[in-house]
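Peer 1: Take a look at target.cif, mmCIF, C-alpha atoms:
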```cif
data_entry
loop_
_atom_site.label_atom_id
_atom_site.label_comp_id
_atom_site.auth_asym_id
_atom_site.auth_seq_id
_atom_site.Cartn_x
_atom_site.Cartn_y
_atom_site.Cartn_z
CA MET A 1343 76.80 139.74 190.44
CA VAL A 1344 76.18 136.51 188.54
CA SER A 1345 72.70 136.28 187.14
CA GLN A 1346 70.43 133.37 188.07
CA ASP A 1347 70.40 132.08 184.45
CA LYS A 1348 74.19 132.03 184.24
CA TRP A 1349 74.36 130.29 187.61
CA LYS A 1350 71.95 127.58 186.46
CA LEU A 1351 73.96 127.14 183.24
CA SER A 1352 77.19 126.81 185.21
CA VAL A 1353 75.62 124.16 187.45
CA LYS A 1354 74.35 122.21 184.43
CA ILE A 1355 77.76 122.34 182.73
CA SER A 1356 79.45 121.22 185.94
CA ILE A 1357 77.04 118.30 186.31
CA VAL A 1358 77.58 117.24 182.69
CA MET A 1359 81.36 117.46 183.10
CA CYS A 1360 81.26 115.43 186.31
CA LEU A 1361 79.05 112.81 184.71
CA GLY A 1362 81.35 112.71 181.68
CA LEU A 1363 84.41 112.32 183.92
CA LEU A 1364 82.64 109.60 185.92
CA PHE A 1365 81.74 107.80 182.68
CA LEU A 1366 85.37 107.91 181.49
CA VAL A 1367 86.60 106.57 184.84
CA LEU A 1368 84.03 103.76 184.83
CA ALA A 1369 84.71 102.97 181.17
CA GLY A 1370 88.45 102.87 181.77
CA SER A 1371 88.07 100.66 184.84
CA THR A 1372 85.69 98.35 182.98
CA TRP A 1373 88.10 98.14 180.05
CA ASP A 1374 91.03 97.32 182.32
CA TYR A 1375 89.08 94.70 184.26
CA SER A 1376 87.64 93.07 181.14
CA ASN A 1377 91.19 92.79 179.79
CA SER A 1378 92.49 91.15 182.96
CA SER A 1379 93.22 87.45 183.29
CA GLN A 1380 90.99 87.38 186.40
CA PHE A 1381 88.02 88.38 184.26
CA CYS A 1382 88.76 85.70 181.68
CA ALA A 1383 89.16 83.07 184.39
CA SER A 1384 85.82 83.94 185.99
CA CYS A 1385 83.94 81.85 183.40
CA HIS A 1386 83.46 78.20 184.42
CA THR A 1387 84.22 77.04 180.87
CA MET A 1388 87.78 78.31 181.32
CA GLU A 1389 88.69 75.86 184.10
CA PHE A 1390 91.07 73.77 182.02
CA VAL A 1391 92.53 76.87 180.34
CA THR A 1392 93.32 78.71 183.57
CA SER A 1393 94.71 75.57 185.22
CA SER A 1394 97.34 75.08 182.51
CA TYR A 1395 97.94 78.83 182.12
CA ALA A 1396 98.77 79.27 185.81
CA THR A 1397 101.83 76.98 185.56
CA SER A 1398 102.96 78.03 182.08
CA PRO A 1399 105.93 80.26 181.13
CA HIS A 1400 103.37 82.93 180.18
CA ALA A 1401 101.52 82.96 183.51
CA GLU A 1402 102.28 86.67 183.99
CA VAL A 1403 101.16 87.64 180.50
CA SER A 1404 97.52 88.76 180.27
CA CYS A 1405 95.14 86.59 178.27
CA THR A 1406 94.25 89.44 175.93
CA SER A 1407 97.90 90.02 175.00
CA CYS A 1408 97.78 86.77 173.02
CA HIS A 1409 94.10 86.28 172.25
CA LEU A 1410 93.22 89.89 171.42
CA GLY A 1411 96.61 91.25 170.46
CA VAL A 1412 98.36 94.50 171.24
CA GLY A 1413 97.34 97.56 169.24
CA PHE A 1414 95.40 100.81 169.04
CA SER A 1415 92.66 100.80 171.69
CA PRO A 1416 89.67 101.58 169.40
CA VAL A 1417 90.70 98.64 167.21
CA MET A 1418 90.94 96.41 170.29
CA LEU A 1419 87.53 97.67 171.44
CA PHE A 1420 86.00 96.70 168.09
CA LYS A 1421 87.61 93.26 168.26
CA LYS A 1422 86.23 92.69 171.74
CA ALA A 1423 82.77 93.81 170.66
CA THR A 1424 82.74 91.17 167.93
CA GLU A 1425 83.25 88.48 170.59
CA VAL A 1426 80.05 89.32 172.51
CA ASN A 1427 78.56 86.16 171.02
CA GLN A 1428 80.76 84.21 173.43
CA VAL A 1429 78.81 85.69 176.34
CA VAL A 1430 75.55 84.54 174.74
CA LYS A 1431 76.95 81.04 174.19
CA ASN A 1432 78.14 80.85 177.78
CA VAL A 1433 74.79 81.95 179.22
CA THR A 1434 72.79 79.62 176.97
CA GLY A 1435 75.24 76.72 177.25
CA THR A 1436 75.57 76.44 173.47
CA TYR A 1437 79.37 76.51 173.37
CA GLU A 1438 81.23 73.59 171.82
CA LYS A 1439 82.92 70.90 173.87
CA PRO A 1440 85.86 70.77 173.79
CA ILE A 1441 86.53 74.42 172.97
CA ARG A 1442 88.80 75.05 169.98
CA ILE A 1443 90.24 78.29 168.64
CA ARG A 1444 88.89 79.20 165.21
CA ASN A 1445 90.62 82.54 164.61
CA GLN A 1446 94.19 83.30 165.58
CA VAL A 1447 95.65 86.74 166.24
CA PRO A 1448 98.55 87.45 163.82
CA VAL A 1449 101.86 86.73 165.54
CA GLU A 1450 103.12 90.26 164.86
CA LYS A 1451 100.28 91.48 167.11
CA SER A 1452 100.86 88.88 169.82
CA CYS A 1453 104.10 86.83 170.03
CA GLU A 1454 106.29 89.37 168.28
CA SER A 1455 105.17 92.21 170.52
CA CYS A 1456 107.51 90.66 173.12
CA HIS A 1457 109.76 88.26 171.21
CA TYR A 1458 112.31 89.88 168.91
CA THR A 1459 112.42 87.61 165.86
CA ASP A 1460 115.57 88.93 164.16
CA VAL A 1461 117.81 87.53 166.89
CA PHE A 1462 117.78 83.93 168.05
CA TYR A 1463 120.27 82.09 170.20
CA ASN A 1464 122.57 79.78 168.30
CA GLN A 1465 122.17 76.87 170.75
CA ARG A 1466 120.31 76.41 173.98
CA LEU A 1467 120.83 73.76 176.63
CA LYS A 1468 117.71 71.85 177.62
CA VAL A 1469 117.67 69.58 180.66
CA VAL A 1470 114.74 67.24 181.32
CA ASN A 1471 114.22 65.29 184.54
CA THR A 1472 112.03 62.20 184.54
CA TYR A 1473 111.45 59.30 186.90
CA ASN A 1474 111.31 55.59 186.06
CA GLN A 1475 108.32 53.52 187.09
CA ASP A 1476 110.46 51.18 189.19
CA GLU A 1477 110.45 50.50 192.91
CA GLU A 1478 113.00 53.23 193.61
CA ASN A 1479 111.39 55.83 191.31
CA THR A 1480 114.83 56.25 189.76
CA LYS A 1481 115.49 59.78 188.58
CA MET A 1482 116.80 60.18 185.02
CA THR A 1483 118.40 63.40 183.78
CA GLN A 1484 118.59 64.03 180.05
CA GLY A 1485 120.41 66.89 178.39
CA MET A 1486 120.55 68.10 174.81
CA LEU A 1487 121.43 71.18 172.81
CA LEU A 1488 118.56 72.79 170.91
CA ASN A 1489 119.64 74.35 167.62
CA VAL A 1490 117.38 77.34 168.07
CA GLY A 1491 119.01 79.38 165.31
CA GLY A 1492 120.52 82.82 164.97
CA GLY A 1493 119.53 85.95 163.07
CA THR A 1494 118.22 86.16 159.53
CA GLU A 1495 120.27 83.16 158.40
CA ALA A 1496 118.81 80.93 161.06
CA LYS A 1497 119.64 77.25 161.04
CA GLY A 1498 117.76 74.61 162.90
CA ILE A 1499 114.41 75.15 164.54
CA HIS A 1500 113.79 78.79 163.58
CA TRP A 1501 114.73 78.18 159.96
CA HIS A 1502 110.99 77.61 159.54
CA VAL A 1503 110.09 81.22 160.33
CA GLU A 1504 113.12 82.97 158.86
CA ASN A 1505 112.37 81.35 155.49
CA ARG A 1506 109.03 81.11 153.75
CA VAL A 1507 107.31 77.83 154.50
CA ILE A 1508 103.72 77.25 153.42
CA PHE A 1509 101.81 74.14 154.40
CA GLY A 1510 98.43 72.86 153.31
CA LYS A 1511 95.97 70.61 155.14
CA ASP A 1512 93.46 68.17 153.75
CA GLU A 1513 89.83 67.96 154.84
CA ALA A 1514 90.77 65.83 157.87
CA GLY A 1515 93.32 68.39 159.05
CA ASN A 1516 96.43 66.44 158.05
CA ILE A 1517 99.32 68.27 156.36
CA SER A 1518 99.65 66.99 152.81
CA TYR A 1519 101.36 69.93 151.06
CA VAL A 1520 104.60 71.76 151.90
CA GLU A 1521 106.19 74.58 149.93
CA VAL A 1522 109.56 76.05 150.89
CA GLU A 1523 111.59 78.97 149.59
CA THR A 1524 115.29 79.06 150.49
CA PRO A 1525 117.42 82.22 150.93
CA LYS A 1526 118.86 81.46 147.47
CA GLY A 1527 115.41 81.79 145.90
CA GLU A 1528 114.90 78.09 145.35
CA ILE A 1529 111.27 77.07 145.61
CA GLY A 1530 110.33 73.47 146.29
CA THR A 1531 106.91 71.88 146.49
CA TYR A 1532 106.48 68.64 148.41
CA LEU A 1533 103.35 66.48 148.37
CA ASN A 1534 102.43 63.61 150.65
CA THR A 1535 101.21 61.10 148.11
CA GLU A 1536 99.47 59.02 150.78
CA LEU A 1537 97.08 61.82 151.79
CA PRO A 1538 94.26 63.67 149.95
CA ASP A 1539 94.92 67.04 148.31
CA ALA A 1540 95.20 70.07 150.59
CA ILE A 1541 92.21 72.41 150.74
CA SER A 1542 93.53 75.11 153.12
CA PHE A 1543 96.94 76.79 153.18
CA LYS A 1544 98.92 78.86 155.69
CA GLN A 1545 102.38 80.38 155.96
CA MET A 1546 104.19 78.91 158.93
CA ASP A 1547 104.66 81.14 161.99
CA CYS A 1548 105.39 80.88 165.72
CA VAL A 1549 102.15 79.31 166.89
CA ASP A 1550 102.28 76.44 164.42
CA CYS A 1551 104.92 74.86 166.66
CA HIS A 1552 104.23 76.73 169.91
CA ASN A 1553 100.52 75.96 169.72
CA ARG A 1554 100.17 75.02 173.41
CA VAL A 1555 102.72 77.41 174.86
CA ALA A 1556 100.42 78.74 177.60
CA HIS A 1557 97.88 75.91 177.82
CA ARG A 1558 99.83 72.67 177.84
CA ILE A 1559 98.00 69.80 179.54
CA TYR A 1560 100.58 67.19 180.46
CA GLU A 1561 99.98 63.47 180.30
CA PRO A 1562 99.89 61.79 183.74
CA SER A 1563 103.50 60.55 183.54
CA LYS A 1564 104.88 64.07 182.98
CA ALA A 1565 102.55 65.60 185.56
CA VAL A 1566 103.71 63.10 188.19
CA ASP A 1567 107.35 63.74 187.21
CA GLN A 1568 106.87 67.41 188.11
CA TYR A 1569 105.32 66.53 191.48
CA LEU A 1570 108.24 64.20 192.22
CA LEU A 1571 110.75 66.85 191.14
CA ASP A 1572 109.09 69.43 193.41
CA ASN A 1573 109.12 66.94 196.33
CA ARG A 1574 105.35 67.04 196.57
CA ILE A 1575 105.52 63.24 196.17
CA ASP A 1576 108.18 61.45 198.17
CA THR A 1577 110.47 59.43 195.91
CA SER A 1578 111.22 57.05 198.79
CA LEU A 1579 107.71 55.55 198.54
CA PRO A 1580 108.07 52.30 196.55
CA TYR A 1581 106.53 52.38 193.06
CA ALA A 1582 104.98 55.78 193.77
CA LYS A 1583 105.16 56.96 190.18
CA ARG A 1584 103.92 53.70 188.66
CA GLU A 1585 100.89 53.39 190.90
CA ILE A 1586 99.87 57.04 190.71
CA VAL A 1587 100.19 57.08 186.91
CA LEU A 1588 98.13 53.87 186.61
CA ILE A 1589 95.34 55.36 188.70
CA LEU A 1590 95.33 58.65 186.78
CA GLU A 1591 95.26 56.88 183.40
CA SER A 1592 92.32 54.76 184.55
CA LEU A 1593 90.24 57.87 185.31
CA ILE A 1594 89.88 58.81 181.64
CA GLU A 1595 87.13 56.20 181.26
CA GLN A 1596 85.57 56.65 184.71
CA PRO A 1597 82.68 58.95 185.75
CA GLU A 1598 83.89 61.71 188.04
CA GLU A 1599 81.79 60.42 190.93
CA LEU A 1600 83.92 57.25 191.01
CA TRP A 1601 87.24 59.06 191.18
CA GLU A 1602 87.42 59.10 194.97
CA ASP A 1603 87.37 55.30 195.12
CA LYS A 1604 90.20 55.23 192.58
CA PHE A 1605 92.25 57.72 194.62
CA ASN A 1606 91.92 55.54 197.72
CA GLN A 1607 93.44 52.60 195.87
CA ILE A 1608 96.91 54.06 196.42
CA VAL A 1609 96.46 53.64 200.20
CA ASP A 1610 95.27 50.05 199.71
CA PHE A 1611 98.33 49.33 197.58
CA TYR A 1612 100.76 50.24 200.35
CA ARG A 1613 98.67 48.68 203.09
CA GLN A 1614 98.56 45.34 201.24
CA ASN A 1615 101.98 45.22 199.55
CA TYR A 1616 104.19 47.28 201.87
CA PRO A 1617 102.59 47.08 205.34
CA HIS A 1618 105.83 48.04 207.07
CA VAL A 1619 106.11 51.17 204.90
CA TYR A 1620 102.48 52.02 205.55
CA ASN A 1621 102.92 51.67 209.32
CA GLU A 1622 106.01 53.89 209.25
CA ARG A 1623 104.64 56.48 206.79
CA LYS A 1624 100.90 56.29 207.49
CA GLU A 1625 100.38 60.05 207.57
CA ASP A 1626 102.18 60.62 204.24
CA ILE A 1627 100.42 57.73 202.51
CA ASP A 1628 96.96 58.69 203.79
CA ALA A 1629 97.55 62.14 202.24
CA LEU A 1630 98.17 60.69 198.76
CA PRO A 1631 94.47 60.52 197.70
CA ASN A 1632 94.17 64.30 198.09
CA LEU A 1633 97.38 64.73 196.12
CA LEU A 1634 96.02 62.46 193.40
CA GLN A 1635 92.93 64.63 193.24
CA ASP A 1636 95.11 67.72 192.70
CA ILE A 1637 96.96 66.06 189.82
CA ALA A 1638 93.73 64.80 188.30
CA ARG A 1639 92.41 68.37 188.24
CA GLU A 1640 95.40 69.31 186.09
CA VAL A 1641 95.00 66.60 183.45
CA LEU A 1642 91.26 65.86 183.30
CA PHE A 1643 88.31 68.26 182.90
CA PRO A 1644 85.13 66.16 182.42
CA SER A 1645 82.67 69.06 182.27
CA MET A 1646 84.43 70.40 179.16
CA GLU A 1647 85.26 66.96 177.73
CA VAL A 1648 88.98 67.77 177.88
CA THR A 1649 91.78 65.34 178.73
CA TRP A 1650 95.51 65.29 178.15
CA GLU A 1651 94.74 63.66 174.78
CA THR A 1652 92.33 66.34 173.49
CA TYR A 1653 94.75 68.87 172.02
CA ASN A 1654 97.82 68.10 169.93
CA ASP A 1655 101.06 69.65 171.13
CA ASN A 1656 103.27 70.37 168.12
CA LEU A 1657 106.33 71.14 170.23
CA ASN A 1658 107.48 67.52 170.11
CA HIS A 1659 108.36 64.82 167.59
CA ASP A 1660 104.71 64.23 166.64
CA GLY A 1661 104.51 67.86 165.58
CA CYS A 1662 107.76 67.69 163.59
CA PHE A 1663 106.85 64.46 161.82
CA GLN A 1664 103.73 66.02 160.34
CA CYS A 1665 106.04 67.45 157.67
CA HIS A 1666 109.40 65.80 158.30
CA ASN A 1667 108.73 62.37 156.88
CA THR A 1668 109.77 60.62 153.69
CA ASN A 1669 106.21 60.48 152.32
CA PHE A 1670 106.66 64.08 151.15
CA LYS A 1671 108.15 63.95 147.64
CA LEU A 1672 109.68 66.87 145.76
CA GLN A 1673 107.56 67.75 142.74
CA GLU A 1674 109.02 68.27 139.25
CA ASN A 1675 107.58 71.78 138.97
CA SER A 1676 109.89 73.03 141.73
CA VAL A 1677 112.19 75.70 140.22
CA PRO A 1678 115.07 75.81 140.57
CA ALA A 1679 115.41 72.82 142.88
CA SER A 1680 118.84 71.40 142.18
CA SER A 1681 120.02 71.57 145.81
CA LEU A 1682 116.73 70.64 147.47
CA PRO A 1683 116.41 67.09 148.85
CA GLU A 1684 114.07 64.65 147.13
CA THR A 1685 112.06 64.26 150.34
CA VAL A 1686 111.55 66.50 153.37
CA ARG A 1687 114.56 65.76 155.54
CA VAL A 1688 114.18 63.49 158.55
CA ASP A 1689 117.23 64.28 160.65
CA CYS A 1690 116.89 64.85 164.39
CA THR A 1691 120.22 66.70 164.57
CA LEU A 1692 118.82 69.52 162.45
CA CYS A 1693 116.98 70.72 165.55
CA HIS A 1694 118.90 69.24 168.47
CA SER A 1695 121.95 67.23 169.44
CA MET A 1696 121.53 63.59 170.36
CA PRO A 1697 120.30 63.40 173.98
CA VAL A 1698 122.71 62.42 176.74
CA SER A 1699 121.21 60.64 179.76
CA SER A 1700 122.32 59.81 183.26
CA GLY A 1701 120.55 57.97 186.04
CA GLU A 1702 123.39 57.98 188.53
CA GLU A 1703 123.46 60.47 191.40
CA GLY A 1704 126.28 62.97 190.99
CA LYS A 1705 127.26 61.81 187.51
CA ALA A 1706 128.14 64.67 185.14
CA LEU A 1707 126.67 64.92 181.65
CA THR A 1708 129.10 65.94 178.91
CA ILE A 1709 127.65 67.71 175.86
CA GLN A 1710 129.72 68.83 172.89
CA PHE A 1711 128.99 72.37 171.68
CA LYS A 1712 129.33 73.10 167.98
#
```
Output the file's structure as structure tokens, nothing else.
Peer 2:
Amino acid sequence: MVSQDKWKLSVKISIVMCLGLLFLVLAGSTWDYSNSSQFCASCHTMEFVTSSYATSPHAEVSCTSCHLGVGFSPVMLFKKATEVNQVVKNVTGTYEKPIRIRNQVPVEKSCESCHYTDVFYNQRLKVVNTYNQDEENTKMTQGMLLNVGGGTEAKGIHWHVENRVIFGKDEAGNISYVEVETPKGEIGTYLNTELPDAISFKQMDCVDCHNRVAHRIYEPSKAVDQYLLDNRIDTSLPYAKREIVLILESLIEQPEELWEDKFNQIVDFYRQNYPHVYNERKEDIDALPNLLQDIAREVLFPSMEVTWETYNDNLNHDGCFQCHNTNFKLQENSVPASSLPETVRVDCTLCHSMPVSSGEEGKALTIQFK
């Protein structure tokens, strides 16, 4: 027969074990939820971030995979604990506007946990559809070959990460120093003589070009192009793109409480200039103000002082030309530098073929592969 003392001890041990198990379950559930994108999106300061993230190529990747990194859980727990100050800033309203990332997770803990860097495609076809701001909203299709690169001897775009490239920024954040090391061991230093000396330096990696890969805020013209392409805006409405873009661009200087009046201007435009179209398509045209509101919520975020102009997107010519311009001169101390150009090369075909365009329905684009 079990003694009363042993029975009490068994009950106490069982209670402790149950409480311990309950704690582990709650801790695990809390950890999973706090790592979810839903948790990140629950903060009102994340409105512009979640809006762009939802339509990005990484919409199914959790926020923490990029912003916290992938690694040993205790390390991740420590990292998350160090960010508790963000909760305090959110509650007290002392966060900066607009929000900017100060510390980046190393790419080997984020990008490279999914993207295998030793193998890149040699060339990739890119097709872009845009619409002219004419009466017919003429669709234009442009195709080009991106020289993505291949393997450890990458040429083209990924040459920058397969070889050592270090850049330096001046106090204003402009790149004024570039150092490259070729596979042959040649080291070249380039300085932009029109800018102050660099004060901070970094080796180039994925996010220096793909800096808005999950949070790209498109300018109104590109946002409207996507709505036209998805048939959410009817291309048969005369000057639809031009008028919608004009209204959206005018909002950047308008208080949010005046936006509704701006949205209604699209109805007035058709009623005054195309009365026959308005009479025939009244229901579609009367719905345009609500559609304009949807687009505005994708490109303008007044509460966080964010617009399509707030953040630079380096995945375009403006990003390339930060380094690829003739103001960067090869310095004499570069050794050996016999085969390096005197200036950083400015040659579009290094990264892509010359674009081929077509605006005619059914016309084929012909692109020459290398």
Peer 1: Suppose you want the space between atom CA of His1666 of chain A and atom CA of His1409 of chain A; what is it in Å?
Peer 2: 29.1 Å
Peer 1: Run the PyMOL selection byres ((chain A and resi 1508) around 7) against the file shown and list the residues it catches, as a list of chain:residue names.
Peer 2: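 Going through the file, the PyMOL selection byres ((chain A and resi 1508) around 7) ends up selecting A:Arg1506, A:Val1507, A:Phe1509, A:Gly1510, A:Val1520, A:Glu1521, A:Val1522, A:Phe1543, A:Lys1544, A:Gln1545, A:Met1546.
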Peer 1: Could you write out that same residue set with C-alpha atoms as a short mmCIF file (atom, residue, chain, number, x, y, z; two decimals), in the coordinates of the input?
Peer 2:
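The resulting file, part_26.cif, is reproduced below:
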```
data_model
loop_
_atom_site.label_atom_id
_atom_site.label_comp_id
_atom_site.auth_asym_id
_atom_site.auth_seq_id
_atom_site.Cartn_x
_atom_site.Cartn_y
_atom_site.Cartn_z
CA ARG A 1506 109.03 81.11 153.75
CA VAL A 1507 107.31 77.83 154.50
CA PHE A 1509 101.81 74.14 154.40
CA GLY A 1510 98.43 72.86 153.31
CA VAL A 1520 104.60 71.76 151.90
CA GLU A 1521 106.19 74.58 149.93
CA VAL A 1522 109.56 76.05 150.89
CA PHE A 1543 96.94 76.79 153.18
CA LYS A 1544 98.92 78.86 155.69
CA GLN A 1545 102.38 80.38 155.96
CA MET A 1546 104.19 78.91 158.93
#
```
Peer 1: What's the 8 Å shell around segment 1605-1619 of chain A, counting only C-alpha atoms, without same-chain residues fewer than 4 positions away, as a VMD selection string?
Peer 2: chain A and resid 1579 1585 to 1586 1589 1601 1623 to 1624 1627 to 1628 1630 to 1632 1634 to 1635
Peer 1: What is the distance between atom CA of Ala1582 of chain A and atom CA of Lys1604 of chain A, in Å to one decimal?
Peer 2: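 That distance, rounded to one decimal, is 14.8 Å.
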Peer 1: So which residues touch Ile1517 of chain A within 10 Å, counting all atoms listed in the file, skipping near sequence neighbours fewer than 3 positions away, as a CSV table (one decimal) with C-alpha atoms, in the frame of the given file?
Peer 2:
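Below is the file part02.csv, written as the result:
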```csv
chain,number,residue,atom,x,y,z
A,1509,PHE,CA,101.8,74.1,154.4
A,1510,GLY,CA,98.4,72.9,153.3
A,1511,LYS,CA,96.0,70.6,155.1
A,1512,ASP,CA,93.5,68.2,153.8
A,1513,GLU,CA,89.8,68.0,154.8
A,1514,ALA,CA,90.8,65.8,157.9
A,1520,VAL,CA,104.6,71.8,151.9
A,1533,LEU,CA,103.4,66.5,148.4
A,1534,ASN,CA,102.4,63.6,150.6
A,1537,LEU,CA,97.1,61.8,151.8
A,1538,PRO,CA,94.3,63.7,150.0
A,1539,ASP,CA,94.9,67.0,148.3
A,1540,ALA,CA,95.2,70.1,150.6
A,1541,ILE,CA,92.2,72.4,150.7
A,1542,SER,CA,93.5,75.1,153.1
A,1543,PHE,CA,96.9,76.8,153.2
A,1664,GLN,CA,103.7,66.0,160.3
A,1665,CYS,CA,106.0,67.4,157.7
A,1670,PHE,CA,106.7,64.1,151.2
```
Peer 1: Looking at all atoms listed in the file, which of A:Val1549, A:Leu1588, A:Leu1593, A:Leu1570 is the one that sits closest to Lys1481 of chain A?
Peer 2: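 Comparing A:Val1549, A:Leu1588, A:Leu1593, A:Leu1570 against Lys1481 of chain A, the winner is A:Leu1570.
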Peer 1: Quick one: which residues end up in the PyMOL selection byres ((chain A and resi 1444-1455) around 10) for this structure, as a ChimeraX atom specification?
Peer 2: /A:1406-1413,1441-1443,1456-1459,1547-1549
Peer 1: Residues at most 12 Å from Glu1523 of chain A, counting only C-alpha atoms, excluding those fewer than 5 positions away in the same chain, as a list in words?
Peer 2: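 Contacts, with the query itself left out: Trp1501, His1502, Val1503, Glu1504, Asn1505, Arg1506, Val1507, Ile1508, Phe1509, Glu1528, Ile1529, Gly1530, Thr1531, Tyr1532, Gln1545, Met1546, Ser1676, Val1677, Pro1678, Ala1679, Ser1681 and Leu1682 of chain A.
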Peer 1: Please tell me which residues are no farther than 12 Å from (96.1, 66.4, 173.5) in the file, counting only C-alpha atoms, and write them as number ranges by chain.
Peer 2: A: 1440, 1442, 1553-1554, 1557-1562, 1641-1642, 1647-1658, 1660-1661
Peer 1: Once the PyMOL selection byres ((chain A and resi 1471) around 12) is applied to the coordinates I shared, what remains selected? I want it as a ChimeraX atom specification.
Peer 2: /A:1468-1470,1472-1474,1479-1486,1563-1572,1698-1701
Peer 1: Can you tell me how far atom CA of Lys1583 of chain A sits from atom CA of Tyr1620 of chain A, in Å to one decimal?
Peer 2: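 For atom CA of Lys1583 of chain A relative to atom CA of Tyr1620 of chain A, the distance reads 16.4 Å.
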Peer 1: So that I can check the surroundings of Ser1695 of chain A, please list as a list in words every protein, DNA and RNA residue that reaches within 7 Å of it, counting all atoms listed in the file and ignoring chain neighbours fewer than 2 positions away.
Peer 2: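 Here the answer would be Met1486, Leu1487, Leu1488, Thr1691 and Pro1697 of chain A.
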